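Student: What follows is the file my_file27.txt, containing compact mmCIF, C-alpha atoms:
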# COMPACT_ATOMS: atom_id res chain seq x y z
CA MET A 253 107.96 117.80 131.20
CA ARG A 254 106.92 114.22 132.09
CA ALA A 255 103.80 114.56 129.93
CA ASP A 256 105.90 115.80 126.98
CA SER A 257 108.27 112.85 127.38
CA ASP A 258 105.40 110.38 127.58
CA HIS A 259 103.85 111.85 124.42
CA LEU A 260 107.18 111.65 122.58
CA VAL A 261 107.65 108.01 123.58
CA ALA A 262 104.10 107.21 122.45
CA ALA A 263 104.58 109.04 119.13
CA LEU A 264 107.90 107.39 118.31
CA SER A 265 106.63 103.96 119.34
CA HIS A 266 103.60 104.47 117.12
CA ASP A 267 105.81 105.54 114.20
CA ILE A 268 108.10 102.54 114.62
CA ARG A 269 105.17 100.17 114.08
CA THR A 270 104.51 101.35 110.50
CA PRO A 271 107.91 100.55 108.89
CA LEU A 272 108.22 97.45 111.11
CA THR A 273 104.90 96.09 109.79
CA LYS A 274 105.95 96.79 106.21
CA LEU A 275 109.40 95.25 106.75
CA THR A 276 107.81 92.10 108.19
CA GLY A 277 105.46 91.87 105.20
CA TYR A 278 108.28 92.22 102.67
CA LEU A 279 110.36 89.57 104.44
CA GLU A 280 107.38 87.20 104.52
CA ILE A 281 107.01 87.64 100.75
CA LEU A 282 110.70 86.95 100.19
CA ILE A 283 110.59 83.86 102.41
CA HIS A 284 107.39 82.20 101.22
CA LYS A 285 106.85 83.26 97.59
CA LYS A 286 109.16 81.00 95.64
CA ASN A 287 107.99 82.09 92.17
CA LEU A 288 109.31 85.66 92.30
CA THR A 289 111.34 86.81 89.33
CA ASP A 290 114.84 88.16 89.98
CA THR A 291 113.53 91.69 89.37
CA GLU A 292 110.66 91.25 91.83
CA TYR A 293 112.97 89.69 94.41
CA GLU A 294 115.39 92.60 94.17
CA ALA A 295 112.55 95.15 94.38
CA TYR A 296 111.20 93.63 97.62
CA LEU A 297 114.72 93.39 99.01
CA ILE A 298 115.28 97.10 98.33
CA LYS A 299 111.95 97.95 99.99
CA ALA A 300 112.86 95.86 103.04
CA ALA A 301 116.24 97.58 103.33
CA ASP A 302 114.56 100.99 103.11
CA LYS A 303 112.15 100.14 105.95
CA ALA A 304 115.05 98.83 108.02
CA ARG A 305 116.80 102.17 107.47
CA GLN A 306 113.70 104.05 108.63
CA LEU A 307 113.59 101.89 111.76
CA LYS A 308 117.21 102.74 112.50
CA VAL A 309 116.50 106.46 112.16
CA LEU A 310 113.54 106.24 114.55
CA THR A 311 115.32 104.10 117.15
CA ASP A 312 118.37 106.40 116.92
CA GLU A 313 116.09 109.36 117.62
CA LEU A 314 114.51 107.59 120.56
CA PHE A 315 117.95 106.80 121.97
CA HIS A 316 119.19 110.33 121.38
CA LYS A 317 116.17 111.96 123.01
CA PHE A 318 116.21 109.91 126.19
CA VAL A 319 119.82 108.82 126.67
CA VAL A 320 122.29 111.09 124.90
CA ASN A 321 120.44 114.37 125.25
CA ARG A 322 118.03 113.83 128.14
CA ASN A 323 118.38 117.30 129.65
CA SER A 324 118.78 119.50 126.59
CA GLU A 325 116.74 120.44 123.53
CA THR A 326 117.62 118.58 120.33
CA ASN A 327 118.06 120.74 117.25
CA CYS A 328 116.27 119.48 114.18
CA PHE A 329 118.74 119.52 111.28
CA GLN A 330 117.08 120.79 108.14
CA GLU A 331 118.45 120.77 104.62
CA LEU A 332 117.55 122.57 101.43
CA VAL A 333 115.76 120.14 99.12
CA ASP A 334 113.80 120.21 95.89
CA CYS A 335 110.57 119.54 97.75
CA GLY A 336 108.58 118.89 94.59
CA GLN A 337 110.89 116.09 93.53
CA PHE A 338 111.03 114.71 97.08
CA LEU A 339 107.23 114.71 97.50
CA ASN A 340 106.68 113.22 94.04
CA GLN A 341 108.87 110.24 94.95
CA LEU A 342 107.44 109.92 98.46
CA LEU A 343 103.80 109.99 97.29
CA TYR A 344 104.55 107.54 94.48
CA GLU A 345 106.10 105.05 96.93
CA GLU A 346 103.30 105.40 99.48
CA CYS A 347 100.52 105.13 96.88
CA SER A 348 102.14 102.11 95.20
CA GLU A 349 102.25 100.29 98.52
CA LEU A 350 98.65 101.31 99.23
CA GLU A 351 97.52 99.86 95.89
CA GLU A 352 99.45 96.66 96.63
CA ASP A 353 97.34 96.41 99.80
CA GLY A 354 94.14 96.54 97.74
CA PHE A 355 93.18 100.23 97.98
CA LEU A 356 92.12 102.44 95.10
CA VAL A 357 94.06 105.65 94.44
CA GLY A 358 93.06 108.36 91.99
CA GLN A 359 95.48 109.72 89.42
CA LEU A 360 98.55 110.98 91.25
CA PRO A 361 99.47 114.61 90.46
CA MET A 362 103.09 115.69 90.12
CA PHE A 363 104.89 118.79 91.34
CA GLY A 364 107.05 120.72 88.90
CA SER A 365 110.79 121.15 89.37
CA GLU A 366 112.67 123.78 91.39
CA CYS A 367 110.23 123.88 94.28
CA PHE A 368 112.65 124.35 97.17
CA CYS A 369 111.97 123.96 100.89
CA ARG A 370 114.15 123.69 103.96
CA LEU A 371 113.08 120.48 105.70
CA HIS A 372 114.09 117.70 108.00
CA ILE A 373 113.57 114.83 105.56
CA GLU A 374 112.82 112.14 108.13
CA ASP A 375 110.18 114.35 109.79
CA ILE A 376 108.24 114.57 106.54
CA ARG A 377 108.66 110.86 105.84
CA ARG A 378 107.28 110.08 109.30
CA ALA A 379 104.35 112.45 108.76
CA PHE A 380 103.33 110.74 105.51
CA ASP A 381 103.93 107.27 106.98
CA ASN A 382 101.42 108.15 109.71
CA ILE A 383 98.86 109.46 107.21
CA PHE A 384 99.06 106.40 104.98
CA SER A 385 99.01 104.10 108.00
CA ASN A 386 95.71 105.73 109.00
CA LEU A 387 94.38 105.24 105.46
CA ARG A 388 95.01 101.50 105.77
CA LYS A 389 93.05 101.44 109.03
CA TYR A 390 90.11 103.70 108.23
CA ALA A 391 89.76 104.30 104.47
CA ASP A 392 87.11 102.51 102.42
CA PRO A 393 89.12 100.34 99.99
CA GLN A 394 86.27 100.47 97.46
CA VAL A 395 86.36 104.27 97.06
CA PRO A 396 89.41 105.95 95.44
CA ILE A 397 91.66 108.01 97.69
CA ILE A 398 92.15 111.42 96.09
CA ILE A 399 95.39 113.40 96.31
CA THR A 400 95.63 117.00 95.13
CA ILE A 401 98.58 119.38 95.23
CA ALA A 402 99.11 123.13 94.94
CA ASP A 403 102.30 125.05 94.28
CA GLU A 404 101.69 128.61 95.44
CA GLN A 405 103.99 131.59 95.73
CA GLU A 406 105.03 131.07 99.35
CA GLN A 407 103.98 127.50 100.13
CA ILE A 408 103.14 124.13 98.70
CA SER A 409 100.32 121.88 99.82
CA VAL A 410 99.30 118.24 99.62
CA THR A 411 95.68 117.30 100.31
CA ILE A 412 94.60 113.70 100.84
CA GLU A 413 90.89 112.82 100.91
CA ASN A 414 89.16 109.52 101.57
CA HIS A 415 85.82 107.98 102.46
CA LYS A 416 85.75 106.14 105.77
CA ARG A 417 85.01 102.44 105.91
CA LYS A 418 81.90 101.42 107.87
CA CYS A 419 83.80 99.16 110.25
CA PRO A 420 87.23 100.67 111.06
CA ALA A 421 90.05 98.19 111.42
CA ASP A 422 91.00 99.77 114.76
CA ALA A 423 88.09 101.57 116.38
CA ALA A 424 90.08 102.25 119.56
CA SER A 425 92.31 104.90 118.01
CA HIS A 426 93.98 107.41 120.30
CA LYS A 427 94.74 109.74 117.36
CA ILE A 428 98.47 109.58 118.14
CA GLY A 429 99.23 109.38 114.42
CA LEU A 430 97.45 112.64 113.56
CA MET A 431 98.95 114.43 116.56
CA THR A 432 102.39 113.28 115.41
CA VAL A 433 101.76 114.51 111.85
CA LYS A 434 100.82 117.94 113.20
CA THR A 435 103.91 118.12 115.43
CA LEU A 436 106.32 117.02 112.69
CA VAL A 437 104.96 119.41 110.06
CA GLU A 438 104.77 122.38 112.43
CA ARG A 439 108.39 122.00 113.56
CA ASN A 440 109.32 122.33 109.88
CA GLY A 441 107.47 125.65 109.66
CA GLY A 442 104.31 124.21 108.10
CA SER A 443 100.75 123.59 109.17
CA VAL A 444 98.09 120.87 109.01
CA ASP A 445 94.36 121.29 108.35
CA ILE A 446 91.95 118.41 109.02
CA GLU A 447 88.28 118.17 108.04
CA GLN A 448 86.10 115.16 108.69
CA ASN A 449 82.62 113.90 109.38
CA ALA A 450 81.04 110.48 109.83
CA THR A 451 81.88 109.34 106.29
CA PHE A 452 84.62 111.64 104.97
CA PHE A 453 88.18 112.58 105.97
CA SER A 454 90.55 115.19 104.52
CA ILE A 455 94.02 116.25 105.63
CA ARG A 456 95.99 119.11 104.09
CA LEU A 457 99.71 119.63 104.69
CA LEU A 458 101.26 123.02 103.93
CA LEU A 459 105.02 123.59 103.78
CA PRO A 460 106.77 126.96 103.35
CA LYS A 461 108.74 127.46 100.14
CA MET A 462 112.13 129.14 99.92
CA LYS A 463 112.15 132.39 97.95
CA HIS A 464 114.53 132.41 95.00
CA LEU A 465 115.69 134.55 92.12
CA ARG A 466 116.82 133.41 88.71
CA LEU A 467 120.11 134.85 87.54
CA GLY A 468 120.76 133.51 84.05
CA LYS A 469 121.61 129.84 84.40
CA ASN A 470 122.19 130.21 88.11
CA MET A 471 119.59 130.32 90.83
CA GLN A 472 120.14 132.12 94.13
CA ILE A 473 118.16 130.83 97.08
CA LEU A 474 117.09 133.55 99.49
CA ASP A 475 116.50 132.27 103.01
CA MET A 476 113.78 134.74 103.95
Turn the structure described in the file into structure tokens.

Tutor:
Amino acid sequence: MRADSDHLVAALSHDIRTPLTKLTGYLEILIHKKNLTDTEYEAYLIKAADKARQLKVLTDELFHKFVVNRNSETNCFQELVDCGQFLNQLLYEECSELEEDGFLVGQLPMFGSECFCRLHIEDIRRAFDNIFSNLRKYADPQVPIIITIADEQEQISVTIENHKRKCPADAASHKIGLMTVKTLVERNGGSVDIEQNATFFSIRLLLPKMKHLRLGKNMQILDM
């Protein structure tokens, strides 16, 4: 049990660093760049507020795990969401920030509508935050990062591929980020496949879809 607790502390601490770094960067821009337009200023302010909200969620979870519910298992609340729409927005935000940091991203594909999954939203956000944090550390900024998607009958998938830079920004990685991604996706009923060699890295996330039937203008979701 001690090992599980130590891993959870390490994973949450690792995840807190990503939105904290972004929040600090946005605040630095707001403080020092005096020539921002009102639209740009508001956009960075909204981004900073969003990262602050993510930090609150993570610190609340840390508090809940180790103070409020130390001796019992925490249930992961999941909600029915249009996963296609959610992933479209999430990938757009992550890729936009990646491009702002000087990375190249291939054309971003888009999921269609009415692609429903039952998910814990913050779990999936954390998973993608970890993936894109790793891209900033290890991806070659001169080679486009490629994202592909698939909407199959029983599951949807997102695959992210990149070439590794010759001199990683953090060679002493303990792979906590990838272990966290796997844990978060699996507790939402999905799976993670990773392929890599000395120069190439690929990660594929699969999430189970909800079965549904169309009844005229209404749609019945079958939780099967």

Student: Might you pull out every residue within 10 Å of range 290-296 of chain A, with all atoms listed in the file counted and same-chain residues fewer than 4 positions away left off, and present them as a PyMOL selection string?

Tutor: chain A and resi 275+277-279+281-282+285-286+300-302

Student: Might you pull out every residue within 12 Å of Val395 in chain A, with only C-alpha atoms counted and same-chain residues fewer than 6 positions away left off, and present them as a short mmCIF file (atom, residue, chain, number, x, y, z; two decimals) with C-alpha atoms, in the frame of the given file?

Tutor:
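So the final result, stored in around-v7.cif, reads:
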data_model
loop_
_atom_site.label_atom_id
_atom_site.label_comp_id
_atom_site.auth_asym_id
_atom_site.auth_seq_id
_atom_site.Cartn_x
_atom_site.Cartn_y
_atom_site.Cartn_z
CA GLY A 354 94.14 96.54 97.74
CA PHE A 355 93.18 100.23 97.98
CA LEU A 356 92.12 102.44 95.10
CA VAL A 357 94.06 105.65 94.44
CA GLY A 358 93.06 108.36 91.99
CA LEU A 387 94.38 105.24 105.46
CA GLU A 413 90.89 112.82 100.91
CA ASN A 414 89.16 109.52 101.57
CA HIS A 415 85.82 107.98 102.46
CA LYS A 416 85.75 106.14 105.77
CA ARG A 417 85.01 102.44 105.91
CA THR A 451 81.88 109.34 106.29
CA PHE A 452 84.62 111.64 104.97
#

Student: Hey, what's within 9 Å of Val410 in chain A if we count only C-alpha atoms and toss same-chain stuff fewer than 4 positions away? As a ChimeraX atom specification, please?

Tutor: /A:339,399-402,455-459

Student: I'd like to know which of A:Ser454, A:Thr311, A:Gln330, A:Thr270 is closest to Cys369 in chain A, using only C-alpha atoms.

Tutor: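 Using only C-alpha atoms, Cys369 in chain A sits closest to A:Gln330.
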
Student: Can you work out the spacing between CA of Ile398 in chain A and CA of Ile298 in chain A in Å, to one decimal?

Tutor: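 Answer for the CA of Ile398 in chain A to CA of Ile298 in chain A separation: 27.3 Å.
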
Student: Grab the CA of Phe380 in chain A to CA of Asp445 in chain A distance for me, in Å with one decimal place.

Tutor: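 Interatomic distance here is 14.1 Å.
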
Student: Go ahead and compute the interatomic distance for CA of Met362 in chain A and CA of Ile412 in chain A, in Å to one decimal.

Tutor: 13.8 Å

Student: Could you pull the residues within 12 Å of range 434-437 of chain A, counting only C-alpha atoms, minus those fewer than 3 positions along the same chain, as number ranges by chain?

Tutor: A: 256, 259-260, 263-264, 267, 328, 370-383, 409-410, 427-431, 440-446, 455-460

Student: Using all atoms of range 364-374 of chain A that appear in the file, construct an axis-aligned enclosing box with 5 Å of padding on every side and provide its centre coordinates and edge lengths in Å, rounded to one decimal, as JSON.

Tutor:
{"center_x": 110.6, "center_y": 118.2, "center_z": 98.5, "size_x": 17.1, "size_y": 22.2, "size_z": 29.2}

Student: Within 9 Å of (112.4, 101.8, 107.4) in the file's own coordinates, which protein, DNA or RNA residues have an atom, counting all atoms listed in the file? List them as a ChimeraX atom specification.

Tutor: /A:268,270-272,274-275,299-310

Student: Can you list, as a VMD selection string, every protein, DNA or RNA residue that comes within 6 Å of range 333-338 of chain A when you count all atoms listed in the file, leaving out same-chain residues fewer than 5 positions away?

Tutor: chain A and resid 363 366 to 369

Student: For Leu360 in chain A, which of A:Asp403, A:Ile397, A:Asn386, A:Glu331 is the closest residue, counting only C-alpha atoms?

Tutor: A:Ile397
